[in-house]
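Colleague: For reference, the file query-v6.tsv (TSV, C-alpha atoms) is included below:
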```tsv
chain	number	residue	atom	x	y	z
A	279	MET	CA	107.45	143.83	113.79
A	280	PRO	CA	108.09	140.06	113.81
A	281	LEU	CA	104.97	137.93	114.21
A	282	TRP	CA	106.30	136.13	117.28
A	283	SER	CA	106.70	139.42	119.15
A	284	VAL	CA	102.95	139.98	118.79
A	285	ARG	CA	101.93	136.45	119.76
A	286	VAL	CA	103.85	136.23	123.02
A	287	PRO	CA	102.01	138.97	124.98
A	288	VAL	CA	98.66	137.81	123.55
A	289	ALA	CA	99.34	134.24	124.67
A	290	THR	CA	100.42	135.49	128.09
A	291	ALA	CA	97.24	137.55	128.47
A	292	SER	CA	95.16	134.56	127.34
A	293	ALA	CA	96.84	132.31	129.89
A	294	GLY	CA	96.28	134.89	132.61
A	295	ALA	CA	92.61	135.11	131.71
A	296	ALA	CA	92.29	131.31	131.86
A	297	VAL	CA	93.89	131.16	135.29
A	298	SER	CA	91.63	133.93	136.62
A	299	ARG	CA	88.55	132.09	135.33
A	300	ILE	CA	89.46	128.84	137.06
A	301	ALA	CA	90.62	130.41	140.34
A	302	PRO	CA	87.15	130.01	141.98
A	303	LEU	CA	87.07	126.40	140.74
A	304	LEU	CA	90.43	125.72	142.40
A	305	ALA	CA	89.22	127.34	145.64
A	306	PHE	CA	86.15	125.09	145.61
A	307	LEU	CA	88.25	122.03	144.81
A	308	GLY	CA	90.71	122.58	147.65
A	309	THR	CA	88.19	123.48	150.34
A	310	VAL	CA	85.61	120.82	149.50
A	311	ILE	CA	88.23	118.05	149.68
A	312	VAL	CA	89.43	119.32	153.06
A	313	LEU	CA	85.80	119.30	154.18
A	314	ALA	CA	85.35	115.73	152.90
A	315	GLU	CA	88.53	114.49	154.60
A	316	LEU	CA	87.58	115.93	157.98
A	317	THR	CA	83.97	114.82	157.67
A	318	SER	CA	85.19	111.31	156.99
A	319	ALA	CA	87.50	111.47	160.03
A	320	ALA	CA	84.49	112.55	162.13
A	321	GLU	CA	82.72	109.31	161.01
A	322	VAL	CA	79.79	111.14	159.40
A	323	PHE	CA	80.07	108.98	156.30
A	324	ASP	CA	80.06	105.80	158.39
A	325	VAL	CA	76.77	106.80	160.03
A	326	VAL	CA	75.14	107.66	156.67
A	327	ALA	CA	76.41	104.45	155.09
A	328	ALA	CA	75.02	102.33	157.89
A	329	GLY	CA	71.64	104.05	157.46
A	330	VAL	CA	71.53	103.35	153.73
A	331	ALA	CA	72.53	99.72	154.28
A	332	ARG	CA	69.82	99.26	156.90
A	333	ALA	CA	67.23	100.81	154.56
A	334	GLY	CA	68.16	98.18	151.95
A	335	ARG	CA	67.16	95.43	154.43
A	336	GLY	CA	69.61	92.90	153.00
A	337	SER	CA	68.31	93.06	149.40
A	338	TYR	CA	70.87	93.87	146.70
A	339	PRO	CA	68.25	95.09	144.18
A	340	ARG	CA	66.77	97.41	146.81
A	341	LEU	CA	70.23	98.63	147.81
A	342	PHE	CA	71.06	99.19	144.13
A	343	LEU	CA	67.98	101.37	143.62
A	344	LEU	CA	68.69	103.32	146.80
A	345	CYS	CA	72.27	104.01	145.77
A	346	VAL	CA	71.27	105.02	142.23
A	347	ALA	CA	68.57	107.37	143.52
A	348	PHE	CA	70.94	108.82	146.12
A	349	ALA	CA	73.69	109.52	143.58
A	350	ALA	CA	71.36	110.82	140.85
A	351	VAL	CA	69.42	113.20	143.11
A	352	THR	CA	72.63	114.51	144.69
A	353	THR	CA	74.10	115.24	141.26
A	354	ILE	CA	70.95	116.82	139.83
A	355	THR	CA	70.18	119.08	142.80
A	356	LEU	CA	73.74	119.97	143.78
A	357	ASN	CA	76.49	119.33	141.24
A	358	LEU	CA	78.61	116.48	139.99
A	359	ASP	CA	81.79	117.55	141.80
A	360	THR	CA	80.00	117.58	145.16
A	361	THR	CA	78.70	114.09	144.43
A	362	ALA	CA	82.19	112.83	143.61
A	363	VAL	CA	83.69	114.33	146.77
A	364	LEU	CA	80.98	113.77	149.38
A	365	LEU	CA	79.19	110.67	148.12
A	366	THR	CA	82.19	108.50	147.20
A	367	PRO	CA	83.30	108.17	150.85
A	368	VAL	CA	79.70	107.29	151.81
A	369	MET	CA	79.62	104.52	149.22
A	370	LEU	CA	83.01	103.15	150.23
A	371	ALA	CA	82.02	103.23	153.89
A	372	LEU	CA	78.80	101.44	152.95
A	373	ALA	CA	80.80	98.65	151.30
A	374	SER	CA	82.89	98.13	154.41
A	375	ARG	CA	79.79	98.22	156.64
A	376	VAL	CA	77.93	95.46	154.81
A	377	GLY	CA	81.01	93.47	153.78
A	378	ILE	CA	80.57	93.72	150.00
A	379	ALA	CA	82.95	94.62	147.18
A	380	PRO	CA	83.53	98.40	147.12
A	381	LEU	CA	83.96	98.80	143.34
A	382	PRO	CA	80.22	98.47	142.40
A	383	LEU	CA	79.34	101.19	144.90
A	384	ALA	CA	82.23	103.40	143.80
A	385	MET	CA	81.28	103.03	140.12
A	386	THR	CA	77.71	104.03	140.95
A	387	THR	CA	79.05	107.32	142.24
A	388	VAL	CA	81.44	108.23	139.43
A	389	TRP	CA	79.14	107.22	136.59
A	390	LEU	CA	76.05	109.00	137.94
A	391	ALA	CA	78.12	112.03	138.92
A	392	ASN	CA	78.66	112.53	135.19
A	393	THR	CA	75.59	111.03	133.52
A	394	ALA	CA	73.01	112.58	135.91
A	395	SER	CA	74.34	116.12	135.39
A	396	LEU	CA	72.15	117.22	132.47
A	397	LEU	CA	68.87	118.40	133.99
A	398	LEU	CA	69.50	121.66	135.85
A	399	PRO	CA	72.00	124.52	135.47
A	400	VAL	CA	73.38	123.87	138.96
A	401	SER	CA	74.15	120.23	138.12
A	402	ASN	CA	77.20	121.11	136.02
A	403	LEU	CA	79.15	124.25	135.21
A	404	THR	CA	78.79	123.46	131.50
A	405	ASN	CA	74.99	123.57	131.98
A	406	LEU	CA	75.24	127.11	133.31
A	407	LEU	CA	77.19	128.14	130.23
A	408	ALA	CA	74.81	126.37	127.83
A	409	ALA	CA	71.66	127.73	129.50
A	410	GLU	CA	73.05	131.26	129.22
A	411	ARG	CA	73.94	130.75	125.56
A	412	VAL	CA	70.46	129.50	124.56
A	413	ALA	CA	68.60	131.77	127.03
A	414	LEU	CA	66.94	129.00	129.07
A	415	SER	CA	65.81	129.37	132.69
A	416	PRO	CA	66.36	126.42	135.07
A	417	ALA	CA	62.79	125.28	134.42
A	418	GLY	CA	63.28	125.79	130.68
A	419	LEU	CA	66.45	123.72	130.64
A	420	ALA	CA	64.70	120.97	132.59
A	421	ARG	CA	61.82	120.94	130.08
A	422	VAL	CA	64.25	120.47	127.21
A	423	MET	CA	66.63	118.02	128.89
A	424	TRP	CA	64.30	115.75	130.88
A	425	ALA	CA	64.21	113.06	128.18
A	426	PRO	CA	68.01	113.00	127.58
A	427	GLN	CA	68.53	112.92	131.33
A	428	LEU	CA	66.12	110.00	131.77
A	429	ALA	CA	67.77	108.11	128.91
A	430	ALA	CA	71.23	108.68	130.39
A	431	VAL	CA	70.22	107.47	133.87
A	432	LEU	CA	68.51	104.36	132.48
A	433	ALA	CA	71.59	103.53	130.40
A	434	THR	CA	73.76	104.01	133.48
A	435	MET	CA	71.55	101.71	135.57
A	436	ALA	CA	71.70	99.00	132.90
A	437	CYS	CA	75.50	99.17	132.67
A	438	LEU	CA	75.95	99.31	136.43
A	439	TRP	CA	73.81	96.24	136.98
A	440	TRP	CA	75.33	94.22	134.14
A	441	PHE	CA	78.99	95.05	134.72
A	442	TYR	CA	79.14	95.43	138.51
A	443	TRP	CA	75.96	94.66	140.47
A	444	ARG	CA	74.56	91.38	139.11
A	445	ARG	CA	74.89	88.21	141.16
A	446	ASP	CA	77.95	86.68	139.48
A	447	ARG	CA	79.82	90.01	139.73
A	448	ARG	CA	79.02	90.97	143.31
A	449	GLY	CA	79.42	87.39	144.61
A	450	ALA	CA	76.52	87.18	147.10
A	451	ALA	CA	72.75	86.75	147.02
A	452	ASP	CA	72.09	89.16	149.88
A	453	TYR	CA	73.83	90.91	152.75
A	454	ALA	CA	73.37	91.33	156.47
A	455	PRO	CA	72.22	94.86	157.41
A	456	PRO	CA	74.72	96.35	159.88
A	457	PRO	CA	73.87	97.87	163.25
A	458	ALA	CA	73.64	101.62	163.60
A	459	HIS	CA	77.10	103.21	163.76
A	460	ARG	CA	78.00	105.26	166.82
A	461	PRO	CA	80.79	107.84	166.29
A	462	ALA	CA	83.62	108.02	168.80
A	463	ASP	CA	83.46	111.83	169.14
A	464	ARG	CA	79.86	113.03	169.01
A	465	VAL	CA	80.87	116.71	169.04
A	466	LEU	CA	83.03	116.38	165.93
A	467	PHE	CA	80.35	114.24	164.31
A	468	ARG	CA	77.65	116.87	164.88
A	469	VAL	CA	79.80	119.85	163.89
A	470	CYS	CA	81.06	118.25	160.66
A	471	GLY	CA	77.62	116.90	159.82
A	472	LEU	CA	76.13	120.38	160.25
A	473	ALA	CA	78.97	121.89	158.21
A	474	CYS	CA	78.19	119.53	155.31
A	475	ALA	CA	74.44	120.16	155.62
A	476	GLY	CA	75.06	123.91	155.68
A	477	PHE	CA	77.22	123.67	152.58
A	478	LEU	CA	74.53	121.71	150.71
A	479	LEU	CA	71.75	124.09	151.82
A	480	ALA	CA	73.83	127.14	150.87
A	481	THR	CA	74.34	125.80	147.34
A	482	LEU	CA	70.62	125.07	147.01
A	483	LEU	CA	68.96	128.05	148.66
A	484	THR	CA	71.39	130.95	148.27
A	485	GLY	CA	73.26	132.61	145.48
A	486	LEU	CA	76.63	132.07	147.16
A	487	PRO	CA	79.42	130.89	144.87
A	488	LEU	CA	80.35	127.27	145.45
A	489	TRP	CA	83.84	128.15	146.67
A	490	VAL	CA	82.45	130.52	149.32
A	491	ALA	CA	80.02	127.89	150.65
A	492	SER	CA	82.64	125.12	150.66
A	493	GLY	CA	85.28	127.43	152.18
A	494	ALA	CA	82.99	128.43	155.05
A	495	ALA	CA	82.03	124.80	155.74
A	496	ALA	CA	85.67	123.68	155.63
A	497	ALA	CA	86.64	126.47	158.04
A	498	VAL	CA	84.02	125.27	160.53
A	499	ALA	CA	85.33	121.69	160.30
A	500	VAL	CA	88.96	122.82	160.66
A	501	LEU	CA	88.10	124.90	163.73
A	502	ALA	CA	86.29	121.96	165.34
A	503	PHE	CA	89.26	119.64	164.76
A	504	ALA	CA	91.69	122.29	166.00
A	505	VAL	CA	89.84	122.23	169.32
A	506	ARG	CA	88.98	118.53	169.59
A	507	ARG	CA	91.66	116.66	167.61
A	508	PRO	CA	94.43	118.98	166.37
A	509	GLU	CA	96.72	116.08	165.37
A	510	ALA	CA	94.33	115.31	162.48
A	511	LEU	CA	95.11	118.67	160.82
A	512	ARG	CA	98.01	118.14	158.42
A	513	THR	CA	99.13	119.56	155.10
A	514	THR	CA	98.28	116.32	153.27
A	515	LEU	CA	94.58	117.19	153.66
A	516	VAL	CA	95.01	119.66	150.79
A	517	PRO	CA	94.92	118.01	147.31
A	518	TRP	CA	98.12	119.61	146.01
A	519	ARG	CA	98.41	117.36	142.94
A	520	LEU	CA	94.92	118.22	141.71
A	521	LEU	CA	95.41	121.93	142.36
A	522	VAL	CA	98.43	121.85	140.06
A	523	MET	CA	96.93	119.48	137.47
A	524	VAL	CA	93.67	121.37	136.80
A	525	PRO	CA	95.25	124.71	135.70
A	526	GLY	CA	97.69	122.70	133.62
A	527	MET	CA	94.85	121.05	131.70
A	528	PHE	CA	93.19	124.38	130.99
A	529	LEU	CA	96.42	125.95	129.80
A	530	VAL	CA	97.18	122.97	127.55
A	531	VAL	CA	93.75	123.20	125.92
A	532	GLN	CA	94.11	126.98	125.58
A	533	THR	CA	97.47	126.48	123.87
A	534	VAL	CA	96.03	123.87	121.53
A	535	ASP	CA	93.08	126.16	120.80
A	536	ALA	CA	95.47	128.96	119.86
A	537	HIS	CA	97.10	126.62	117.35
A	538	GLY	CA	93.99	125.50	115.52
A	539	LEU	CA	91.62	123.63	117.89
A	540	HIS	CA	88.78	126.02	117.07
A	541	ARG	CA	89.16	125.36	113.36
A	542	VAL	CA	89.25	121.60	113.88
A	543	LEU	CA	86.17	121.72	116.12
A	544	ALA	CA	84.26	123.88	113.67
A	545	GLU	CA	84.99	121.42	110.86
A	546	ALA	CA	84.18	118.38	113.01
A	547	VAL	CA	80.93	119.75	114.45
A	548	GLY	CA	79.76	121.34	111.19
A	549	THR	CA	76.91	123.79	110.73
A	550	ASP	CA	74.03	121.31	110.36
A	551	GLY	CA	71.42	122.12	113.00
A	552	GLY	CA	69.46	118.94	112.25
A	553	VAL	CA	69.69	115.42	113.63
A	554	LEU	CA	72.98	114.58	111.91
A	555	GLY	CA	74.58	117.74	113.27
A	556	MET	CA	73.31	116.87	116.76
A	557	PHE	CA	74.95	113.44	116.70
A	558	ARG	CA	78.17	114.91	115.28
A	559	ALA	CA	78.31	117.50	118.07
A	560	SER	CA	77.71	115.00	120.87
A	561	ALA	CA	80.26	112.55	119.45
A	562	VAL	CA	82.92	115.25	119.06
A	563	GLY	CA	82.24	116.54	122.58
A	564	ALA	CA	82.52	113.07	124.14
A	565	GLY	CA	85.63	112.11	122.20
A	566	LEU	CA	87.60	115.29	122.85
A	567	ALA	CA	86.50	115.41	126.51
A	568	ASN	CA	88.24	112.08	127.06
A	569	LEU	CA	91.35	113.28	125.26
A	570	LEU	CA	91.54	116.65	127.03
A	571	ASN	CA	88.89	117.60	129.63
A	572	ASN	CA	85.18	118.28	129.30
A	573	LEU	CA	85.00	121.87	130.56
A	574	PRO	CA	87.62	123.47	128.28
A	575	VAL	CA	86.39	121.28	125.41
A	576	TYR	CA	82.85	122.55	125.94
A	577	LEU	CA	84.10	126.15	126.01
A	578	ALA	CA	86.00	125.62	122.76
A	579	GLY	CA	83.12	123.69	121.17
A	580	GLU	CA	80.55	126.31	122.14
A	581	ALA	CA	82.45	128.88	120.07
A	582	ALA	CA	82.43	126.48	117.10
A	583	VAL	CA	78.65	125.82	117.11
A	584	PRO	CA	76.62	128.38	115.10
A	585	VAL	CA	74.66	130.71	117.40
A	586	ALA	CA	71.26	129.70	115.99
A	587	ASN	CA	71.82	125.92	116.40
A	588	HIS	CA	70.40	125.51	119.90
A	589	THR	CA	69.78	121.77	119.77
A	590	GLN	CA	73.22	121.19	118.31
A	591	LEU	CA	74.75	123.09	121.24
A	592	LEU	CA	72.70	121.01	123.71
A	593	SER	CA	73.95	117.89	121.94
A	594	LEU	CA	77.51	119.11	122.49
A	595	LEU	CA	76.53	119.52	126.15
A	596	ILE	CA	75.33	115.89	126.22
A	597	GLY	CA	78.66	114.71	124.84
A	598	THR	CA	80.76	116.71	127.29
A	599	ASN	CA	78.60	115.74	130.29
A	600	ILE	CA	77.91	112.03	129.71
A	601	GLY	CA	80.94	111.14	127.60
A	602	PRO	CA	83.90	111.96	129.91
A	603	LEU	CA	84.01	108.60	131.68
A	604	VAL	CA	86.87	106.72	130.03
A	605	THR	CA	90.05	108.60	131.03
A	606	PRO	CA	90.77	109.77	134.59
A	607	TRP	CA	91.26	113.39	133.50
A	608	ALA	CA	88.14	113.61	131.32
A	609	SER	CA	86.15	115.53	133.94
A	610	LEU	CA	86.91	117.14	137.26
A	611	ALA	CA	84.36	114.85	138.92
A	612	THR	CA	86.23	111.79	137.65
A	613	LEU	CA	89.52	113.23	138.92
A	614	LEU	CA	87.95	113.89	142.31
A	615	TRP	CA	86.56	110.35	142.37
A	616	TYR	CA	89.98	108.83	141.70
A	617	GLU	CA	91.42	111.02	144.47
A	618	ARG	CA	88.73	109.85	146.94
A	619	CYS	CA	89.30	106.20	145.99
A	620	ARG	CA	93.07	106.56	146.36
A	621	SER	CA	92.63	108.24	149.75
A	622	ALA	CA	90.38	105.38	150.90
A	623	GLY	CA	92.86	102.73	149.73
A	624	LEU	CA	90.67	101.38	146.91
A	625	ARG	CA	92.68	100.12	143.95
A	626	VAL	CA	90.77	100.94	140.77
A	627	PRO	CA	91.42	98.51	137.85
A	628	LEU	CA	92.06	101.11	135.17
A	629	ARG	CA	91.71	98.87	132.12
A	630	GLY	CA	88.50	97.23	133.27
A	631	VAL	CA	86.95	100.52	134.32
A	632	ALA	CA	87.98	102.16	131.03
A	633	ALA	CA	86.41	99.31	129.03
A	634	THR	CA	83.06	99.35	130.84
A	635	SER	CA	83.04	103.16	130.90
A	636	THR	CA	83.52	103.21	127.13
A	637	VAL	CA	80.38	101.10	126.70
A	638	LEU	CA	78.38	103.50	128.87
A	639	ALA	CA	79.89	106.62	127.29
A	640	VAL	CA	79.00	105.49	123.76
A	641	GLY	CA	75.59	104.06	124.62
A	642	GLY	CA	74.61	106.87	126.97
A	643	VAL	CA	75.59	109.66	124.57
A	644	LEU	CA	73.77	107.99	121.67
A	645	LEU	CA	70.58	107.37	123.66
A	646	ALA	CA	70.52	110.83	125.24
A	647	THR	CA	71.13	112.53	121.88
A	648	ALA	CA	68.37	110.47	120.29
A	649	ALA	CA	66.03	111.43	123.14
A	650	LEU	CA	66.83	115.10	122.56
A	651	ALA	CA	66.24	114.73	118.83
A	652	LEU	CA	62.86	113.10	119.44
A	653	THR	CA	61.61	115.59	122.03
A	654	ALA	CA	63.23	118.94	121.25
```
Please go through the file and, once you have read it, give me the structure as structure tokens.

Modeller:
Amino acid sequence: MPLWSVRVPVATASAGAAVSRIAPLLAFLGTVIVLAELTSAAEVFDVVAAGVARAGRGSYPRLFLLCVAFAAVTTITLNLDTTAVLLTPVMLALASRVGIAPLPLAMTTVWLANTASLLLPVSNLTNLLAAERVALSPAGLARVMWAPQLAAVLATMACLWWFYWRRDRRGAADYAPPPAHRPADRVLFRVCGLACAGFLLATLLTGLPLWVASGAAAAVAVLAFAVRRPEALRTTLVPWRLLVMVPGMFLVVQTVDAHGLHRVLAEAVGTDGGVLGMFRASAVGAGLANLLNNLPVYLAGEAAVPVANHTQLLSLLIGTNIGPLVTPWASLATLLWYERCRSAGLRVPLRGVAATSTVLAVGGVLLATAALALTA
């Protein structure tokens, strides 16, 4: 039998398996963006943004710390994709409320959505996979990753302040705290606010899959708008481009893997479980994540790391979590962030963002890997 006649059905089965694995991810992606769009239309984000701005009391350093803490805690306790979808509109609304440049606030969200996603299994899907591989409970993963996580957040804060938040970049010494925002439709505001709160609580306190929690919350918001403001319900609420792009990325990586990616990864990562092997794994993970996408790269890299090399696998995790900042497709959170910025009318300077993100990706991965080597 010719070789090609064997490969075709195997490739088809492999592609089918990949699509079935990412189906829940696509369901989460579609429903959570619908939820975010309707919540924004209900002015929930405007109310939250005004509250954060008032808490800053006109001080940029205080506002900076509040925004960093808000983004980091949201990412750690929920997950990076939720941060990108729900927090980006809050930050952009905050910028418009206090009359400051939106890019520093937007960058705070996208950078911390990725770099603050190391500590707990729930913070990132790759963490769930890594914790299962090395048999670590949530508390066990936190005990191992607290130092890399701290190093990554500190590196992010330094880059955020230097590149976007310092006085000569933001253009003002202080800001005027805005008055409290009052939504036009209090019923929609309350319903959508409760839907978001219910979604967040469900992800924290129950074992519901993310797509079930986000789907239920989105259904509540859609029902409320159908009653109160049906003209706001339109097909453009659904992120069709992303829903097509994400399966495409997985299938491309799967195709590349079938033609030798595993062999290349195994040679690049090596079998050294020591410090050198840790830095090699994190560098390979970060580099390939920006070329392809962090989740399929982690899946392929996990198979290339020897089973006994736990710290090397966690270093790969550092690379695929902190590193995917440079290209828009490097992580789903970054894709979601670009989608939220585009929806809000924010023009992102791609070259400038890629340059500053490269500095953070390199510095953050190196510092976090060194912290893991010193503490693990």

Colleague: Edge lengths and centre in Å to one decimal, as lines of an AutoDock Vina configuration file, is what I'm after for the box along x, y and z that holds all listed atoms of stretch 405-418 of chain A once 4 Å is added on each side.

Modeller:
```
center_x = 70.0
center_y = 127.7
center_z = 129.8
size_x = 22.4
size_y = 16.2
size_z = 18.5
```

Colleague: My list of candidates is A:Ser337, A:Leu539, A:Ala561, A:Pro602. Which is closest to A:Tyr453 when distances are computed with all atoms listed in the file?

Modeller: A:Ser337

Colleague: Give me, as a Markdown table, each residue of stretch 393-421 of chain A that comes within 9 Å of stretch 579-587 of chain A, together with its shortest interatomic pair and the distance in Å at one decimal, counting only C-alpha atoms, with rows ordered by chain and rising residue number.

Modeller:
```
| residue | atom | partner | partner_atom | distance |
| --- | --- | --- | --- | --- |
| A:Leu407 | CA | A:Glu580 | CA | 8.9 |
| A:Ala408 | CA | A:Glu580 | CA | 8.1 |
| A:Arg411 | CA | A:Val585 | CA | 8.2 |
| A:Val412 | CA | A:Val585 | CA | 8.4 |
```

Colleague: Determine the nearest neighbour of A:Val604 from the options A:Phe342, A:Asp452, A:Asn392, A:Val522, counting all atoms listed in the file.

Modeller: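 Among the listed residues, the smallest separation from A:Val604 belongs to A:Asn392.
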
Colleague: At what distance in Å, to one decimal, does atom CA of A:Met369 lie from atom CA of A:Gly334?

Modeller: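 Taking atom CA of A:Gly334 and atom CA of A:Met369, their separation equals 13.4 Å.
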
Colleague: Just the residues within 9 Å of A:Gly418, please, counting all atoms listed in the file, with nothing from its chain fewer than 5 positions along; format it as number ranges by chain.

Modeller: A: 409, 413, 423

Colleague: Please, what distance in Å, to one decimal, runs between atom CA of A:Val368 and atom CA of A:Ala622?

Modeller: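 Computing the Euclidean distance for atom CA of A:Val368 and atom CA of A:Ala622 yields 10.9 Å.
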
Colleague: Between atom CA of A:Ala497 and atom CA of A:Ala611, what is the spacing in Å?

Modeller: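 Result for atom CA of A:Ala611 versus atom CA of A:Ala497: 22.5 Å, one decimal.
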
Colleague: Could you pull out every residue with an atom within 12 Å of (63.2, 111.5, 117.0), file coordinates, counting all atoms listed in the file, and send them as a PyMOL selection string?

Modeller: chain A and resi 425-426+552-554+556-557+645-654

Colleague: Considering all atoms listed in the file, state which residue in the set A:Leu613, A:Leu438, A:Cys619, A:Val325 is at the smallest distance from A:Arg468.

Modeller: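 Once distances to A:Arg468 are computed over all atoms listed in the file, the minimum belongs to A:Val325.
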
Colleague: Fewer than 3 positions away in the same chain doesn't count, so skip those; otherwise give me all residues within 12 Å of A:Ala633, counting only C-alpha atoms, as an MDAnalysis selection string.

Modeller: chainID A and resid 437 441 603:605 627:630 636:640

Colleague: May I have the protein, DNA and RNA residues with any atom at most 8 Å from the point (75.7, 120.4, 124.7), counting all atoms listed in the file, written as JSON, numbers by chain?

Modeller: {"A": [405, 408, 559, 560, 563, 576, 589, 590, 591, 592, 593, 594, 595, 596, 597, 598, 599]}

Colleague: For A:Leu573, which residue out of A:Ala502, A:Leu390, A:Ala480, A:Leu403 is the nearest one, using all atoms listed in the file?

Modeller: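 Going through A:Ala502, A:Leu390, A:Ala480, A:Leu403 one by one, the smallest distance to A:Leu573 is for A:Leu403.
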
Colleague: Excluding A:Val326 and its own-chain neighbours fewer than 6 positions away, which residues fall within 10 Å of it when counting only C-alpha atoms? Please give them as JSON, numbers by chain.

Modeller: {"A": [332, 365, 368, 369, 371, 372, 458, 459]}

Colleague: When you count only C-alpha atoms, which of these residues is closest to A:Ala391: A:Val346, A:Leu419, A:Val312, A:Ala450?

Modeller: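 Under the stated criterion, the closest residue is A:Val346.
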
Colleague: Go through A:Val505, A:Thr387, A:Glu321, A:His588 one by one, measure the shortest atom-to-atom distance of each to A:Val422 using all atoms listed in the file, and give the residue with the smallest value.

Modeller: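 Of A:Val505, A:Thr387, A:Glu321, A:His588, the one nearest A:Val422, counting all atoms listed in the file, is A:His588.
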
Colleague: Using all atoms listed in the file, determine which residues lie at most 6 Å from A:Val547, disregarding the query and same-chain residues fewer than 2 positions distant; provide the list as an MDAnalysis selection string.

Modeller: chainID A and resid 543:545 558:559
